[in-house]
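Below is one structure, written out as structure tokens; the observations come after it.
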Amino acid sequence: MRVALVWFRQDLRLNENPAFIEACSEHEFVIPLYIYDEKNSILGRAQAWWLHHSLIALSNSLNKLGLNLVLRKGNPLDIILDLIKTEVVSSVYWNRCYDPISISRDKNIKATLLEQGVDVISSNGSLFNEPWTIKNKNGDFFKVFTPYWKHCGQFLHVPSVISINHRPKCLEIKSDDLRQWNLLPSLNWASRFSDYWTPGEEGAQVKLQDFIHYHLNGYKKNRDFPIKNSTSRLSPHLHFGEISPWTILRAIELEKCRPNCDLAGAQHFLSELGWREFSVYLLYHFPALLNENFRKEFNAFPWQNDEQLLISWQKGLTGYPLIDAGMRELWATGYMHNRVRMIVASFLTKGLFIDWRLGANWFFDTLVDADLANNSASWQWVAGCGADAAPYFRIFNPVLQSQKFDPDGDYIRQWVPELAKFKGKSIHTPWEEVNISPSNYPKPIINHSEARIRALEFYNQLKSKDG
DNA sequence: TGAAATGTTGGGGCG
DNA sequence: ACGCCCCAACATTTC
């Protein structure tokens, strides 16, 4: 029982990583492994950029402990079986993943390893409550967020920090060269991402401390204003497991003990972690969430899926300043502010009548925080077909939202340089300005108020069909 | 984690 | 002074 294998997946950290820490405490030798399953992995281009840098960060952290990260490309089961044979591994550790593809993969691997007499120890490394532990009074899964989160609250306590008690020993094992995996996008698109992001554990800690010191106070109000950058931006770090939700919870609870802490802000921020878990929870209990409407009556929805309109949306050339600012922020940084995500998603589904799945695909490809569960659940939420969703008739008006949440137009001006000469309030409706010609900036590709009426008509049809 | 339509109220102008 | 109208301003309803 001397050699343990730690299979890193969506837990690219050493701190508060139960699989890694337990393996270190129980075994003399530890092999840290990351597998790139090119054929079966679902990886957006922005995420691939992140993964590349996160693996470098993880590898550096392991080196400081005297360990080498082993990189392998291919089928996980084959790779693990090969290592077990050549390195005489007695136990395999990992932290659980919760999407349907990973679940079936892991089940199969676990069964095969157990047959071969190898111990498999899986842990919870990313959720306050694992999906199967939370049920409502009927024994069914929650479909509404508020009661779900309220129910989770009773189990939400801060555990003590876990850490390794001795340095494990390293085995010399051949590893792929990360550069050969070609994770970095070929066009120079993602080269600017590093201006905004530092993948890896240290980057995550900086984001957390920065958020707590500068943005937790007033979070509830400020979080809706994209120019204020008041959101935590921890989402990509959480997606890759570079920070444990327990670490975040502990830091917030500590902050709550300080005088003058904005308790409402803290509670609201924690509820955002709740939404993250709720998405994972929904996907676990309804695996079809990735492709199918949660609410079946939406299956009859007459999406139009106009290719040109979709491209205009993707490129940020819709003629609606706030929409375009958001889509360009996404392209430039691999991220979009949450408020703006809701608005562009509402615009795509209810304004352009394009299927939420096409929007979800684009987000999945271009967001550094793209997460199967969160992406699908959130798109369905906006489109109205999801669990506890915004009603279909709740349609965002891109101009009103712009006036409300970017009143001075600073966010728009930051991402849409063509509109720089529009001073003051005129920036929300550039097409109404006769005296200024917006160089190269398009006129609105749709009339929003007409689109709204059309959307509501279809909504009424849905309702009557439903009975 | 909407927006628009519709309803209600109350102050001020004015005959 | 009074009633009437107008119309913000706010509240409620509807999609």
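Residues are referred to by chain and number: the chain letter is A, B, ... according to the order shown in the structure tokens, the number counts from 1 in that chain, and ligands are numbered separately from 1 in the order shown.
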Give me the residues near A:Val88 as a PyMOL selection string, where near means some atom within 12 Å (using only C-alpha atoms (C1' of nucleotides)) and where sequence neighbours in that chain fewer than 2 positions away do not count.
chain A and resi 1-5+29-31+80-86+90-92+116-118+171
For those residues, write C-alpha atoms to a file as a PDB file, in the first residue's frame.
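Heads up, here's the output in part_26.pdb:
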ATOM      1  CA  MET A   1       0.000   0.000   0.000  1.00  0.00           C
ATOM      2  CA  ARG A   2       2.770   2.417  -0.832  1.00  0.00           C
ATOM      3  CA  VAL A   3       1.875   4.061  -4.123  1.00  0.00           C
ATOM      4  CA  ALA A   4      -1.216   6.187  -4.701  1.00  0.00           C
ATOM      5  CA  LEU A   5      -2.441   7.733  -7.903  1.00  0.00           C
ATOM      6  CA  PHE A  29       4.554   7.695  -2.952  1.00  0.00           C
ATOM      7  CA  VAL A  30       2.039   9.833  -4.809  1.00  0.00           C
ATOM      8  CA  ILE A  31       1.584  10.117  -8.559  1.00  0.00           C
ATOM      9  CA  ILE A  80      -4.782   4.439 -15.408  1.00  0.00           C
ATOM     10  CA  LEU A  81      -4.534   0.665 -15.964  1.00  0.00           C
ATOM     11  CA  ASP A  82      -1.159   1.154 -17.592  1.00  0.00           C
ATOM     12  CA  LEU A  83       0.161   3.204 -14.658  1.00  0.00           C
ATOM     13  CA  ILE A  84      -1.210   0.726 -12.140  1.00  0.00           C
ATOM     14  CA  LYS A  85       0.649  -2.090 -13.824  1.00  0.00           C
ATOM     15  CA  THR A  86       3.976  -0.358 -14.348  1.00  0.00           C
ATOM     16  CA  SER A  90      -2.476   0.258  -4.799  1.00  0.00           C
ATOM     17  CA  SER A  91      -5.005   3.068  -4.593  1.00  0.00           C
ATOM     18  CA  VAL A  92      -6.551   5.615  -6.928  1.00  0.00           C
ATOM     19  CA  GLN A 116      -8.381  -5.709 -10.292  1.00  0.00           C
ATOM     20  CA  GLY A 117      -8.044  -5.328  -6.546  1.00  0.00           C
ATOM     21  CA  VAL A 118      -7.174  -1.631  -6.644  1.00  0.00           C
ATOM     22  CA  LEU A 171       8.321   8.589  -8.710  1.00  0.00           C
TER      23      LEU A 171
END
Write out as a tab-separated table a residue-level contact list of chain B versus chain C with cut-off 8 Å: for each qualifying residue the closest pair of atoms and the distance in Å to one decimal, counting only C-alpha atoms (C1' of nucleotides), rows sorted by chain and residue number upward.
residue	atom	partner	partner_atom	distance
B:DA5	C1'	C:DT14	C1'	7.5
B:DT6	C1'	C:DT13	C1'	7.2
B:DG7	C1'	C:DT12	C1'	7.0
B:DT8	C1'	C:DA11	C1'	7.4
Set the cut-off to 8 Å and count only C-alpha atoms (C1' of nucleotides): what are the residues of chain B that reach chain A? Output as an MDAnalysis selection string.
chainID B and resid 1:3
Which chain A residues have any atom within 10 Å of an atom of chain C, and for each, what is the nearest pair of atoms with distance in Å to one decimal, counting only C-alpha atoms (C1' of nucleotides), rows sorted by chain and number, as CSV?
residue,atom,partner,partner_atom,distance
A:Tyr392,CA,C:DC15,C1',9.4
A:Phe393,CA,C:DC15,C1',6.1
A:Arg394,CA,C:DC15,C1',8.5
A:Ile453,CA,C:DC15,C1',9.6
A:Leu456,CA,C:DC15,C1',6.9
A:Glu457,CA,C:DC15,C1',9.4
A:Tyr459,CA,C:DC15,C1',8.9
A:Asn460,CA,C:DC15,C1',8.7
Residue subset to file, keeping C-alpha atoms, as a short mmCIF file (atom, residue, chain, number, x, y, z; two decimals), in the first residue's frame:
data_model
loop_
_atom_site.label_atom_id
_atom_site.label_comp_id
_atom_site.auth_asym_id
_atom_site.auth_seq_id
_atom_site.Cartn_x
_atom_site.Cartn_y
_atom_site.Cartn_z
CA TYR A 392 -41.16 33.69 -20.83
CA PHE A 393 -42.91 37.04 -20.94
CA ARG A 394 -40.20 38.66 -18.84
CA ILE A 453 -44.94 41.62 -29.41
CA LEU A 456 -45.57 37.40 -26.52
CA GLU A 457 -47.78 36.01 -29.30
CA TYR A 459 -45.94 32.74 -25.57
CA ASN A 460 -49.73 32.84 -25.71
#
In stretch 93-306 of chain A, what's alpha helix (DSSP H) per DSSP? Answer as an MDAnalysis selection string?
chainID A and resid 100:115 145:153 201:214 219:222 235:239 245:256 263:285
